[in-house]
file model-v4.cif (mmCIF, C-alpha atoms)
data_input
#
loop_
_atom_site.label_atom_id
_atom_site.label_comp_id
_atom_site.auth_asym_id
_atom_site.auth_seq_id
_atom_site.Cartn_x
_atom_site.Cartn_y
_atom_site.Cartn_z
CA MET I 17 -11.30 42.29 -11.33
CA ILE I 18 -9.64 39.18 -12.70
CA LYS I 19 -7.80 38.81 -15.99
CA THR I 20 -5.83 35.87 -17.40
CA TYR I 21 -3.53 35.80 -20.42
CA THR I 22 -0.65 33.68 -21.71
CA ARG I 23 2.79 34.55 -23.07
CA GLU I 24 6.06 32.84 -23.96
CA LEU I 25 8.20 31.56 -21.09
CA SER I 26 11.08 33.73 -19.93
CA LEU I 27 14.59 32.27 -19.58
CA LYS I 28 14.15 32.19 -15.79
CA GLU I 29 10.86 30.30 -16.14
CA LEU I 30 12.39 27.84 -18.61
CA LYS I 31 15.13 27.10 -16.08
CA LEU I 32 12.53 26.50 -13.35
CA ILE I 33 10.67 24.03 -15.57
CA LYS I 34 13.80 22.11 -16.58
CA GLN I 35 15.14 21.88 -13.00
CA PRO I 36 12.61 19.28 -11.69
CA LYS I 37 13.24 17.09 -14.75
CA ILE I 38 16.98 17.00 -14.03
CA SER I 39 16.24 16.28 -10.34
CA MET I 40 13.92 13.41 -11.33
CA ILE I 41 16.57 11.83 -13.60
CA TRP I 42 19.16 12.06 -10.79
CA TRP I 43 16.65 10.59 -8.31
CA LEU I 44 15.99 7.64 -10.64
CA PHE I 45 19.73 7.08 -11.14
CA GLU I 46 20.39 7.11 -7.36
CA ASN I 47 17.59 4.63 -6.74
CA PHE I 48 18.83 2.37 -9.53
CA ILE I 49 22.35 2.25 -8.03
CA LEU I 50 21.08 1.69 -4.47
CA SER I 51 18.83 -1.20 -5.48
CA LEU I 52 21.63 -2.67 -7.64
CA VAL I 53 24.04 -2.65 -4.69
CA PHE I 54 21.35 -4.27 -2.52
CA ILE I 55 20.68 -7.07 -5.03
CA ILE I 56 24.42 -7.69 -5.54
CA GLY I 57 24.85 -7.92 -1.77
CA ILE I 58 22.06 -10.49 -1.45
CA LEU I 59 23.43 -12.58 -4.33
CA LEU I 60 26.98 -12.42 -2.94
CA ILE I 61 25.78 -13.70 0.42
CA LEU I 62 23.94 -16.51 -1.35
CA GLY I 63 26.99 -17.24 -3.57
CA ASN I 64 29.28 -17.30 -0.54
CA TYR I 65 26.93 -19.73 1.17
CA ILE I 66 27.01 -22.04 -1.88
CA HIS I 67 30.79 -21.62 -2.14
CA GLY I 68 31.15 -23.03 1.37
CA TYR I 69 29.76 -26.33 0.13
CA LEU I 70 31.32 -26.56 -3.34
CA LYS I 71 34.84 -25.28 -2.48
CA TRP I 72 35.37 -23.47 -5.80
CA ASN I 73 38.87 -22.43 -6.91
CA LYS I 74 39.82 -18.75 -7.36
CA ASP I 75 39.02 -18.70 -11.08
CA ALA I 76 35.55 -20.04 -10.38
CA GLU I 77 35.09 -17.40 -7.67
CA LEU I 78 35.92 -14.64 -10.16
CA TYR I 79 33.43 -15.99 -12.70
CA MET I 80 30.85 -16.30 -9.93
CA VAL I 81 31.28 -12.61 -8.95
CA ILE I 82 31.06 -11.47 -12.59
CA SER I 83 27.94 -13.62 -13.09
CA ILE I 84 26.37 -12.19 -9.92
CA VAL I 85 26.94 -8.60 -11.09
CA ILE I 86 25.42 -9.36 -14.52
CA ILE I 87 22.43 -11.19 -13.02
CA ALA I 88 21.89 -8.41 -10.47
CA PHE I 89 22.01 -5.77 -13.21
CA ILE I 90 19.39 -7.64 -15.28
CA ILE I 91 17.10 -8.19 -12.27
CA ASN I 92 17.44 -4.54 -11.24
CA LEU I 93 16.76 -3.33 -14.77
CA LYS I 94 13.61 -5.44 -15.07
CA PHE I 95 12.44 -4.32 -11.63
CA HIS I 96 12.86 -0.62 -12.45
CA PHE I 97 11.19 -0.89 -15.85
CA SER I 98 8.17 -2.65 -14.31
CA THR I 99 8.01 -0.03 -11.54
CA LEU I 100 8.31 2.93 -13.92
CA LYS I 101 5.57 1.49 -16.11
CA ASP I 102 3.05 2.00 -13.30
CA PHE I 103 4.62 5.19 -11.93
CA PRO I 104 2.24 8.18 -12.28
CA PHE I 105 4.53 10.43 -14.31
CA PRO I 106 2.79 13.49 -15.71
CA PRO I 107 2.34 13.48 -19.49
CA GLN I 108 5.37 14.86 -21.28
CA ILE I 109 4.53 18.01 -23.21
CA PRO I 110 7.14 19.56 -25.53
CA ILE I 111 8.61 22.53 -23.70
CA GLU I 112 7.96 24.76 -26.71
CA ASP I 113 4.21 24.12 -26.21
CA ILE I 114 4.28 25.27 -22.59
CA LYS I 115 3.32 28.88 -21.96
CA ALA I 116 3.32 31.16 -18.96
CA GLU I 117 -0.23 31.76 -17.74
CA ILE I 118 -0.59 35.03 -15.84
CA THR I 119 -3.62 35.73 -13.68
CA ILE I 120 -4.11 39.31 -12.50
CA ILE I 121 -6.28 39.71 -9.41
CA GLN I 122 -7.40 43.16 -8.31
CA SER I 123 -9.40 43.16 -5.10
CA ARG I 124 -9.89 45.12 -1.90
CA LYS I 125 -11.72 42.45 0.08
CA ALA I 126 -10.36 39.13 1.31
CA VAL I 127 -11.05 36.41 3.85
CA GLU I 128 -8.32 34.19 5.27
CA ARG I 129 -8.58 30.41 5.65
CA GLU I 130 -6.51 28.92 8.49
CA ASP I 131 -3.79 26.45 7.55
CA PRO I 132 -4.63 22.99 9.02
CA GLU I 133 -1.02 21.78 8.93
CA ASP I 134 1.77 23.19 6.80
CA PHE I 135 0.10 23.58 3.42
CA GLY I 136 0.60 27.35 3.41
CA PRO I 137 -1.80 30.26 3.89
CA GLY I 138 -5.14 30.45 2.11
CA PHE I 139 -7.20 33.47 1.06
CA TYR I 140 -10.49 34.13 -0.71
CA PHE I 141 -10.40 37.33 -2.78
CA GLU I 142 -13.58 38.99 -3.97
CA ILE I 143 -13.42 39.65 -7.71
CA LYS I 144 -15.75 41.14 -10.28
CA ASP I 145 -16.44 39.02 -13.35
CA GLY I 146 -18.41 41.33 -15.62
CA VAL I 147 -21.17 42.60 -13.36
CA LYS I 148 -21.19 39.56 -11.08
CA LEU I 149 -19.26 39.27 -7.83
CA LYS I 150 -17.29 36.03 -7.41
CA SER I 151 -14.33 34.81 -5.35
CA ILE I 152 -10.99 33.25 -6.17
CA PHE I 153 -9.19 31.03 -3.68
CA LEU I 154 -5.40 31.12 -3.44
CA CYS I 155 -3.49 28.80 -1.13
CA GLY I 156 -0.05 27.32 -0.84
CA GLN I 157 3.42 27.91 0.53
CA TYR I 158 4.25 30.15 -2.44
CA LEU I 159 2.10 32.85 -0.77
CA TYR I 160 4.71 33.19 1.99
CA SER I 161 6.91 35.06 -0.48
CA ALA I 162 4.27 37.74 -1.15
CA THR I 163 2.63 40.53 0.83
CA ILE I 164 -0.86 39.05 0.92
CA PRO I 165 -3.69 40.19 0.88
CA ASN I 166 -2.86 42.83 -1.71
CA THR I 167 -4.88 45.05 -4.03
CA HIS I 168 -2.96 43.86 -7.11
CA ILE I 169 -1.64 40.31 -7.41
CA GLU I 170 -0.07 38.63 -10.43
CA VAL I 171 0.24 34.84 -10.30
CA THR I 172 2.28 33.07 -13.00
CA ARG I 173 1.64 29.37 -13.64
CA ARG I 174 2.61 26.76 -16.18
CA SER I 175 -0.13 26.55 -18.81
CA ASP I 176 -0.07 22.73 -18.76
CA THR I 177 0.15 21.67 -15.11
CA LYS I 178 -0.87 25.00 -13.50
CA GLU I 179 2.24 24.73 -11.32
CA ILE I 180 3.27 28.04 -9.73
CA LEU I 181 6.23 29.78 -11.35
CA ASP I 182 6.04 33.19 -9.69
CA ILE I 183 3.85 35.57 -7.70
CA LYS I 184 4.12 39.36 -7.58
CA THR I 185 2.25 41.97 -5.58
CA LYS I 186 2.07 45.42 -7.16
CA GLY I 187 -0.57 47.08 -5.00
CA THR I 188 -0.98 47.78 -1.29
CA TYR I 189 -1.46 45.40 1.59
CA PHE I 190 -4.79 45.23 3.43
CA SER I 191 -6.07 43.11 6.29
CA PRO I 192 -8.49 40.22 5.72
CA GLU I 193 -12.05 40.80 6.91
CA LYS I 194 -12.25 37.51 8.75
CA VAL I 195 -10.24 34.37 9.51
CA LEU I 196 -12.13 31.15 8.79
CA PRO I 197 -11.32 27.81 10.45
CA PRO I 198 -9.39 25.23 8.40
CA PHE I 199 -11.29 22.68 6.35
CA SER I 200 -12.64 19.94 8.59
CA ASP I 201 -11.67 16.27 8.37
CA GLU I 202 -15.12 15.58 6.95
CA GLU I 203 -14.56 18.12 4.16
CA TRP I 204 -11.12 16.63 3.38
CA ASN I 205 -12.48 13.07 3.34
CA SER I 206 -15.42 14.00 1.10
CA GLU I 207 -13.15 16.20 -1.09
CA ASN I 208 -15.51 19.09 -0.37
CA TYR I 209 -12.76 21.68 -0.11
CA HIS I 210 -11.37 24.44 -2.31
CA GLU I 211 -8.08 24.19 -4.17
CA ASP I 212 -5.55 26.77 -5.24
CA GLY I 213 -6.84 28.83 -8.16
CA ASP I 214 -10.51 27.82 -7.79
CA ILE I 215 -12.95 30.52 -8.96
CA LEU I 216 -16.17 30.30 -6.96
CA ASN I 217 -19.61 31.61 -7.81
CA LEU I 218 -19.83 32.92 -4.26
CA THR I 219 -19.33 36.37 -2.77
CA LEU I 220 -17.20 36.83 0.33
CA ASP I 221 -20.36 37.40 2.39
CA GLU I 222 -21.77 34.06 1.22
CA ILE I 223 -18.48 32.32 2.06
CA LYS I 224 -18.48 33.88 5.53
CA LYS I 225 -22.10 32.80 6.15
CA LYS I 226 -21.31 29.24 5.09
CA ASN I 227 -18.48 29.13 7.63
CA THR I 228 -20.14 30.71 10.68
CA THR I 229 -19.72 28.64 13.79
#

call {"tool": "encode", "arguments": {"input": "model-v4.cif", "output": "structure tokens"}}
result
Amino acid sequence: MIKTYTRELSLKELKLIKQPKISMIWWLFENFILSLVFIIGILLILGNYIHGYLKWNKDAELYMVISIVIIAFIINLKFHFSTLKDFPFPPQIPIEDIKAEITIIQSRKAVEREDPEDFGPGFYFEIKDGVKLKSIFLCGQYLYSATIPNTHIEVTRRSDTKEILDIKTKGTYFSPEKVLPPFSDEEWNSENYHEDGDILNLTLDEIKKKNTT
């Protein structure tokens, strides 16, 4: 069985959502300062080289340093604005419009998919959608914090980006029926692989047959 519903975000979930935004602002600030220092350093070296020829007095040196800092700040500002313009930031959705999306998965059959690198474990769970048997694929490092496979799983995601906020297991652990090999390089290159949260119109038996070696 699979069931999905939405609700308002809890205080803990709100904090989780706001945290990456604060981290991003700090990351941008750090990069701005680092590039500013780099540009000032380059301009000071160039100014010192010119100073060797012109033999400026101390007042002129002070004005030169102030001018270099101002010019460096303008160059750095223009550089960062042009970079941010093409940076793939996700669309900003008002936080009051973001909900918690909870997916409840009840299953007693699962198949494991080997992790090719360090993406986290992957599992196909057989689910019943009405009278039809389907499968849902879960994968990612967030599964390390849960006792998976489990007869009752609750996955909480952001309603906008589908980013994981929490996972809970409220049933009993059971062993997967089979362990499938990781997706091949050909499947990765052709994007013929399954992603976290994909619901497939395939039973576990059909998935196992497709992956027999």

call {"tool": "closest_residue", "arguments": {"input": "model-v4.cif", "among": "I:Ile169, I:Leu50, I:Ile114, I:Ile109", "to": "I:Ala88", "atoms": "all atoms listed in the file"}}
result
I:Leu50

call {"tool": "residues_around", "arguments": {"input": "model-v4.cif", "residues": "I:Phe48", "least_positions_apart": "4", "cutoff": "10 Å", "atoms": "all atoms listed in the file", "output": "VMD selection string"}}
result
chain I and resid 42 to 44 52 to 54 89 92 to 93 95 to 96

call {"tool": "write_last_selection", "arguments": {"input": "model-v4.cif", "atoms": "C-alpha atoms", "output": "short mmCIF file (atom, residue, chain, number, x, y, z; two decimals), in the coordinates of the input"}}
result
data_model
loop_
_atom_site.label_atom_id
_atom_site.label_comp_id
_atom_site.auth_asym_id
_atom_site.auth_seq_id
_atom_site.Cartn_x
_atom_site.Cartn_y
_atom_site.Cartn_z
CA TRP I 42 19.16 12.06 -10.79
CA TRP I 43 16.65 10.59 -8.31
CA LEU I 44 15.99 7.64 -10.64
CA LEU I 52 21.63 -2.67 -7.64
CA VAL I 53 24.04 -2.65 -4.69
CA PHE I 54 21.35 -4.27 -2.52
CA PHE I 89 22.01 -5.77 -13.21
CA ASN I 92 17.44 -4.54 -11.24
CA LEU I 93 16.76 -3.33 -14.77
CA PHE I 95 12.44 -4.32 -11.63
CA HIS I 96 12.86 -0.62 -12.45
#

call {"tool": "axis_aligned_box", "arguments": {"input": "model-v4.cif", "around": "stretch 173-183 of chain I", "padding_each_side": "3 Å", "output": "lines of an AutoDock Vina configuration file"}}
result
center_x = 2.7
center_y = 28.6
center_z = -13.3
size_x = 13.1
size_y = 19.9
size_z = 17.1

call {"tool": "resolve_selection", "arguments": {"input": "model-v4.cif", "expression": "the PyMOL selection byres ((chain I and resi 205-222) around 7)", "output": "PDB file with C-alpha atoms, keeping the file's coordinate frame"}}
result
ATOM      1  CA  GLU I 142     -13.580  38.990  -3.970  1.00  0.00           C
ATOM      2  CA  LEU I 149     -19.260  39.270  -7.830  1.00  0.00           C
ATOM      3  CA  LYS I 150     -17.290  36.030  -7.410  1.00  0.00           C
ATOM      4  CA  SER I 151     -14.330  34.810  -5.350  1.00  0.00           C
ATOM      5  CA  ILE I 152     -10.990  33.250  -6.170  1.00  0.00           C
ATOM      6  CA  PHE I 153      -9.190  31.030  -3.680  1.00  0.00           C
ATOM      7  CA  LEU I 154      -5.400  31.120  -3.440  1.00  0.00           C
ATOM      8  CA  CYS I 155      -3.490  28.800  -1.130  1.00  0.00           C
ATOM      9  CA  PHE I 199     -11.290  22.680   6.350  1.00  0.00           C
ATOM     10  CA  ASP I 201     -11.670  16.270   8.370  1.00  0.00           C
ATOM     11  CA  GLU I 202     -15.120  15.580   6.950  1.00  0.00           C
ATOM     12  CA  GLU I 203     -14.560  18.120   4.160  1.00  0.00           C
ATOM     13  CA  TRP I 204     -11.120  16.630   3.380  1.00  0.00           C
ATOM     14  CA  ILE I 223     -18.480  32.320   2.060  1.00  0.00           C
ATOM     15  CA  LYS I 224     -18.480  33.880   5.530  1.00  0.00           C
ATOM     16  CA  LYS I 225     -22.100  32.800   6.150  1.00  0.00           C
ATOM     17  CA  LYS I 226     -21.310  29.240   5.090  1.00  0.00           C
TER      18      LYS I 226
END

call {"tool": "closest_residue", "arguments": {"input": "model-v4.cif", "among": "I:Ser200, I:Asn64, I:Thr167, I:Gln122", "to": "I:Thr20", "atoms": "only C-alpha atoms"}}
result
I:Gln122

call {"tool": "atom_distance", "arguments": {"input": "model-v4.cif", "atom1": "atom CA of I:Ala116", "atom2": "atom CA of I:Lys31"}}
result
12.8 Å

call {"tool": "residues_near_point", "arguments": {"input": "model-v4.cif", "point": "(-4.9, 33.6, -12.6)", "cutoff": "8 Å", "atoms": "all atoms listed in the file", "output": "list in words"}}
result
Ile18, Lys19, Thr20, Glu117, Ile118, Thr119, Ile120, Ile121, Glu170, Val171, Thr172, Arg173 and Gly213 of chain I

call {"tool": "atom_distance", "arguments": {"input": "model-v4.cif", "atom1": "atom CA of I:Thr188", "atom2": "atom CA of I:His168"}}
result
7.3 Å

call {"tool": "resolve_selection", "arguments": {"input": "model-v4.cif", "expression": "the PyMOL selection byres ((chain I and resi 113) around 10)", "output": "ChimeraX atom specification"}}
result
/I:24-25,109-112,114-115,175-176

call {"tool": "closest_residue", "arguments": {"input": "model-v4.cif", "among": "I:Lys194, I:Val85, I:Lys186, I:Thr177", "to": "I:Phe139", "atoms": "only C-alpha atoms"}}
result
I:Lys194

call {"tool": "atom_distance", "arguments": {"input": "model-v4.cif", "atom1": "atom CA of I:Gly146", "atom2": "atom CA of I:Tyr158"}}
result
28.5 Å

call {"tool": "closest_residue", "arguments": {"input": "model-v4.cif", "among": "I:Ile90, I:Leu181, I:Ala162, I:Ile143", "to": "I:Ser51", "atoms": "only C-alpha atoms"}}
result
I:Ile90

call {"tool": "closest_residue", "arguments": {"input": "model-v4.cif", "among": "I:Leu27, I:Val127, I:Ser191, I:Phe45", "to": "I:Asn227", "atoms": "all atoms listed in the file"}}
result
I:Val127

call {"tool": "residues_around", "arguments": {"input": "model-v4.cif", "residues": "I:Ala126", "least_positions_apart": "6", "cutoff": "6 Å", "atoms": "only C-alpha atoms", "output": "ChimeraX atom specification"}}
result
/I:140-141,192

call {"tool": "resolve_selection", "arguments": {"input": "model-v4.cif", "expression": "the PyMOL selection byres ((chain I and resi 131) around 10)", "output": "JSON, numbers by chain"}}
result
{"I": [128, 129, 130, 132, 133, 134, 135, 136, 137, 138, 155, 156, 196, 197, 198, 199]}

call {"tool": "closest_residue", "arguments": {"input": "model-v4.cif", "among": "I:Val81, I:Ile55, I:Leu60, I:Ile183", "to": "I:Thr163", "atoms": "all atoms listed in the file"}}
result
I:Ile183
